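Everything below concerns the one structure shown next.
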Amino acid sequence: MGEDEDFDKLIDGIKNVDDEPDLSACESAEDAEANGLALKDKGNAALMAGHYNEAIHLYSMGLSHLPNNAIILSNRALAYIKVENYGLAIQDATHAIEADPSYPKGYYRRGSAEFALGRAKAARKDFRAVCKLRPKDRDARGKLQECEKAVKEAAFAAAILSDETAPLSDSFKAETVAVEKSYDGPHPAGELLNDSDKEAALFEPGKLPREFVLAAMEHFKNQKVIHKRYVAHLLISAKHYYEKQSSLLEIPIPEIGPDENDPTISPRLTVCGDTHGQYYDVLNIFALNGL
């Protein structure tokens with residue numbers, strides 16, 4: 001399965017918690033259209049006022065009456081783009097295209113979300129579709145040119161990549177950095193290892209001992225740093241890990257709460273934003289929500 005197919009499968013599998021129960025089967029076609037379009041108009045007003053989450057809710061209610069309305073789907077996609085929820089924007093735009101392949105805004109919304117995620121080739125395909133449906137649309141032509149430029153730049157960068165221009169992380173051996181006897185910080189294995197392969201294996205995703213992480217946190221708290229050899233291991237491992245990940249991931253809520261010995265504390269997912277280098281704020285977040 002290719003990267004695009006993996007991405008499409010991931011998007012298709014996202015469960016949208018904003019969706020409302022389908023009411024269209026419980027009302028006449030006339031009532032469904034009247035109720036759905038009225039809610040669409042309210043959503044448009046909220047969107048124009050910059051109340052994006054309110055708009056999403058109103059569009060979702062409208063879709064409960066008109067679940068296959070390309071315009072409402074496309075408008076909700078725009079609201080999702082405004083709040084930078086590009087995965088759901090792509091999902092809604094795709095449904096809008098399926099509902100009405102001749103509706104250009106469906107392709108436009110999907111292309112915009114794709115481009116925001118760095119998927120210039122996929123976005124280019126959608127903006128080409130817009131230009132085909134609306135040949136005189138200057139904005140769509142401008143977006144298409146941006147996509148063409150991004151695709152060419154990516155291709156050029158790949159073409160000139162060589163051993164000389166490859167990132168240092170591909171060749172740098174962290175284990176070659178000597179650890180001084182004066183170093184009083186934590187070691188991943190509890191002590192300095194002479195086996196470079198065993199040391200490198202400790203930094204593979206999910207393998208780093210919890211004791212080392214906690215000791216490193218305490219070391220930082222005391223205004224000290226871990227050795228640059230271990231920092232290099234961490235950075236290289238993290239780089240290789242994230243390079244393999246999709247730009248959009250679905251993260252499930254854990255089955256066990258932050259305190260496995262206290263079942264009254266519900267499982268949770270802590271979303272930590274940019275703390276601007278405030279390490280003690282991060283520690284406080286961990287203290288409140290668990291590691």
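Ordered as shown in the structure tokens, chains take letters A, B, and onward, while each chain numbers its residues from 1 and ligands are numbered from 1 in the order shown.
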Determine, counting only C-alpha atoms, which protein, DNA and RNA residues have an atom within 12 Å of an atom of A:Thr270; residues of the same chain fewer than 4 positions away are not included. Present the result as a CSV table (one decimal) with C-alpha atoms, in the first residue's frame.
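Okay, out-v2.csv is ready:
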```
chain,number,residue,atom,x,y,z
A,251,ILE,CA,-4.2,8.8,18.9
A,252,PRO,CA,-6.6,6.7,21.0
A,253,ILE,CA,-7.5,7.5,24.6
A,254,PRO,CA,-5.5,5.1,26.9
A,257,GLY,CA,-5.8,6.2,33.8
A,258,PRO,CA,-2.7,8.1,34.8
A,282,VAL,CA,5.8,21.2,31.8
A,285,ILE,CA,1.4,19.7,33.8
A,286,PHE,CA,2.9,16.2,34.4
A,287,ALA,CA,2.2,16.5,38.1
A,288,LEU,CA,-1.4,17.4,37.6
A,289,ASN,CA,-2.2,14.9,34.8
A,290,GLY,CA,0.3,12.1,35.2
A,291,LEU,CA,3.1,10.9,33.0
```
Considering only helix (DSSP H, G or I) as DSSP defines it on the backbone, what residues of stretch 156-287 of chain A qualify? List them as an MDAnalysis selection string. chainID A and resid 156:160 168:170 174:176 196:202 210:221 228:243 279:287
12 Å contact set for A:Asn194, only C-alpha atoms, chain neighbours under 2 positions out, as number ranges by chain: A: 175-176, 178-179, 189, 191-192, 196-200
Just-selected residues, all heavy atoms written as a compact mmCIF listing (two decimals), in the first residue's frame:
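File produced: part.txt:
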```
# COMPACT_ATOMS: atom_id res chain seq x y z
N GLU A 175 27.64 7.19 19.91
CA GLU A 175 28.46 6.45 20.87
C GLU A 175 29.94 6.82 20.80
O GLU A 175 30.72 6.43 21.68
CB GLU A 175 28.29 4.94 20.66
CG GLU A 175 28.71 4.43 19.30
CD GLU A 175 27.59 4.48 18.26
OE1 GLU A 175 26.58 5.15 18.54
OE2 GLU A 175 27.74 3.85 17.20
N THR A 176 30.34 7.57 19.76
CA THR A 176 31.75 7.98 19.67
C THR A 176 32.05 9.17 20.58
O THR A 176 33.21 9.52 20.76
CB THR A 176 32.10 8.35 18.22
OG1 THR A 176 31.29 9.45 17.79
CG2 THR A 176 31.87 7.16 17.29
N ALA A 178 32.75 10.77 23.88
CA ALA A 178 33.25 10.24 25.16
C ALA A 178 32.49 10.84 26.34
O ALA A 178 32.15 12.03 26.33
CB ALA A 178 34.74 10.54 25.29
N VAL A 179 32.22 10.00 27.32
CA VAL A 179 31.58 10.45 28.56
C VAL A 179 32.67 10.63 29.61
O VAL A 179 33.35 9.67 29.99
CB VAL A 179 30.53 9.43 29.05
CG1 VAL A 179 29.91 9.91 30.36
CG2 VAL A 179 29.45 9.24 27.99
N ALA A 189 21.34 2.88 30.94
CA ALA A 189 21.41 1.51 31.46
C ALA A 189 21.77 1.49 32.93
O ALA A 189 22.01 0.42 33.50
CB ALA A 189 22.43 0.71 30.66
N GLU A 191 24.46 2.61 34.07
CA GLU A 191 25.90 2.79 34.05
C GLU A 191 26.35 2.95 32.60
O GLU A 191 25.59 2.67 31.67
CB GLU A 191 26.61 1.58 34.68
CG GLU A 191 26.33 0.28 33.96
CD GLU A 191 27.00 -0.92 34.63
OE1 GLU A 191 27.69 -0.70 35.64
OE2 GLU A 191 26.83 -2.04 34.15
N LEU A 192 27.56 3.41 32.39
CA LEU A 192 28.07 3.59 31.04
C LEU A 192 28.31 2.22 30.38
O LEU A 192 28.96 1.36 30.96
CB LEU A 192 29.38 4.38 31.09
CG LEU A 192 30.05 4.67 29.73
CD1 LEU A 192 29.14 5.53 28.87
CD2 LEU A 192 31.40 5.37 29.95
N SER A 196 28.16 -0.55 22.06
CA SER A 196 27.46 0.54 21.36
C SER A 196 26.10 0.11 20.82
O SER A 196 25.16 0.91 20.79
CB SER A 196 28.34 1.08 20.22
OG SER A 196 28.63 0.05 19.28
N ASP A 197 25.99 -1.15 20.38
CA ASP A 197 24.71 -1.63 19.84
C ASP A 197 23.65 -1.69 20.93
O ASP A 197 22.48 -1.32 20.71
CB ASP A 197 24.89 -3.01 19.21
CG ASP A 197 25.70 -2.97 17.92
OD1 ASP A 197 25.72 -1.89 17.29
OD2 ASP A 197 26.30 -3.98 17.56
N LYS A 198 24.04 -2.18 22.11
CA LYS A 198 23.09 -2.24 23.23
C LYS A 198 22.66 -0.85 23.66
O LYS A 198 21.49 -0.61 23.98
CB LYS A 198 23.71 -2.99 24.41
CG LYS A 198 23.79 -4.49 24.23
CD LYS A 198 24.31 -5.16 25.51
CE LYS A 198 24.34 -6.68 25.36
NZ LYS A 198 24.84 -7.33 26.60
N GLU A 199 23.61 0.08 23.65
CA GLU A 199 23.29 1.46 24.03
C GLU A 199 22.32 2.08 23.02
O GLU A 199 21.32 2.70 23.41
CB GLU A 199 24.55 2.30 24.11
CG GLU A 199 24.29 3.74 24.53
CD GLU A 199 25.58 4.52 24.72
OE1 GLU A 199 26.29 4.24 25.70
OE2 GLU A 199 25.88 5.40 23.88
N ALA A 200 22.60 1.90 21.73
CA ALA A 200 21.73 2.46 20.69
C ALA A 200 20.33 1.86 20.77
O ALA A 200 19.33 2.55 20.55
CB ALA A 200 22.34 2.23 19.32
```
For A:Ile71, list every protein, DNA or RNA residue within 9 Å, evaluated using only C-alpha atoms, and leave out those in the same chain fewer than 4 positions away; present the list as a PyMOL selection string. chain A and resi 40+75-76+96+103+105-106
When you count only C-alpha atoms, which of these residues is closest to A:Ala70: A:Ala154, A:Ile256, A:Ala93, A:Ala120?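 Among the listed residues, the smallest separation from A:Ala70 belongs to A:Ala93.
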Give the answer as one residue: which of A:Asp262, A:His95, A:Met61, A:Leu235 has the shortest atom-to-atom distance to A:Leu23, using only C-alpha atoms?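 Checking each candidate against A:Leu23, we get A:Met61 as the closest.
Atom CA of A:Ile97 sits 23.8 Å away from atom CA of A:Glu54.
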Determine the nearest neighbour of A:Glu180 from the options A:Cys26, A:Ala49, A:Ile226, A:Leu269, counting only C-alpha atoms.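 Nearest candidate to A:Glu180 out of A:Cys26, A:Ala49, A:Ile226, A:Leu269: A:Ile226.
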Distance query A:Gly62 at most 7 Å, only C-alpha atoms, self and fewer than 4 positions along chain excluded, as a PyMOL selection string: chain A and resi 35-37+39-40+58+66
Those same residues - N, CA and C atoms - I'd like them written as a CSV table (one decimal), in the first residue's frame.
```
chain,number,residue,atom,x,y,z
A,35,ASN,N,-35.1,22.7,7.1
A,35,ASN,CA,-34.3,22.7,8.3
A,35,ASN,C,-32.8,22.8,8.0
A,36,GLY,N,-32.3,22.0,7.1
A,36,GLY,CA,-30.9,21.9,6.8
A,36,GLY,C,-30.4,23.2,6.3
A,37,LEU,N,-31.1,23.8,5.3
A,37,LEU,CA,-30.6,25.1,4.7
A,37,LEU,C,-30.7,26.2,5.7
A,39,LEU,N,-30.2,26.0,9.0
A,39,LEU,CA,-29.0,25.8,9.8
A,39,LEU,C,-27.7,26.1,9.1
A,40,LYS,N,-27.7,25.9,7.8
A,40,LYS,CA,-26.5,26.2,6.9
A,40,LYS,C,-26.4,27.8,7.0
A,58,LEU,N,-23.2,24.2,13.9
A,58,LEU,CA,-24.4,24.5,13.1
A,58,LEU,C,-24.4,23.7,11.8
A,66,LEU,N,-29.6,17.1,6.1
A,66,LEU,CA,-29.2,16.9,4.7
A,66,LEU,C,-27.7,16.3,4.7
```
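Rounded to one decimal, atom CA of A:Arg110 and atom CA of A:Lys149 lie 18.4 Å from each other.
Nearest residue to A:Ala201 among A:Pro188, A:Phe220, A:Asp100, A:Val271 is A:Pro188, counting only C-alpha atoms.
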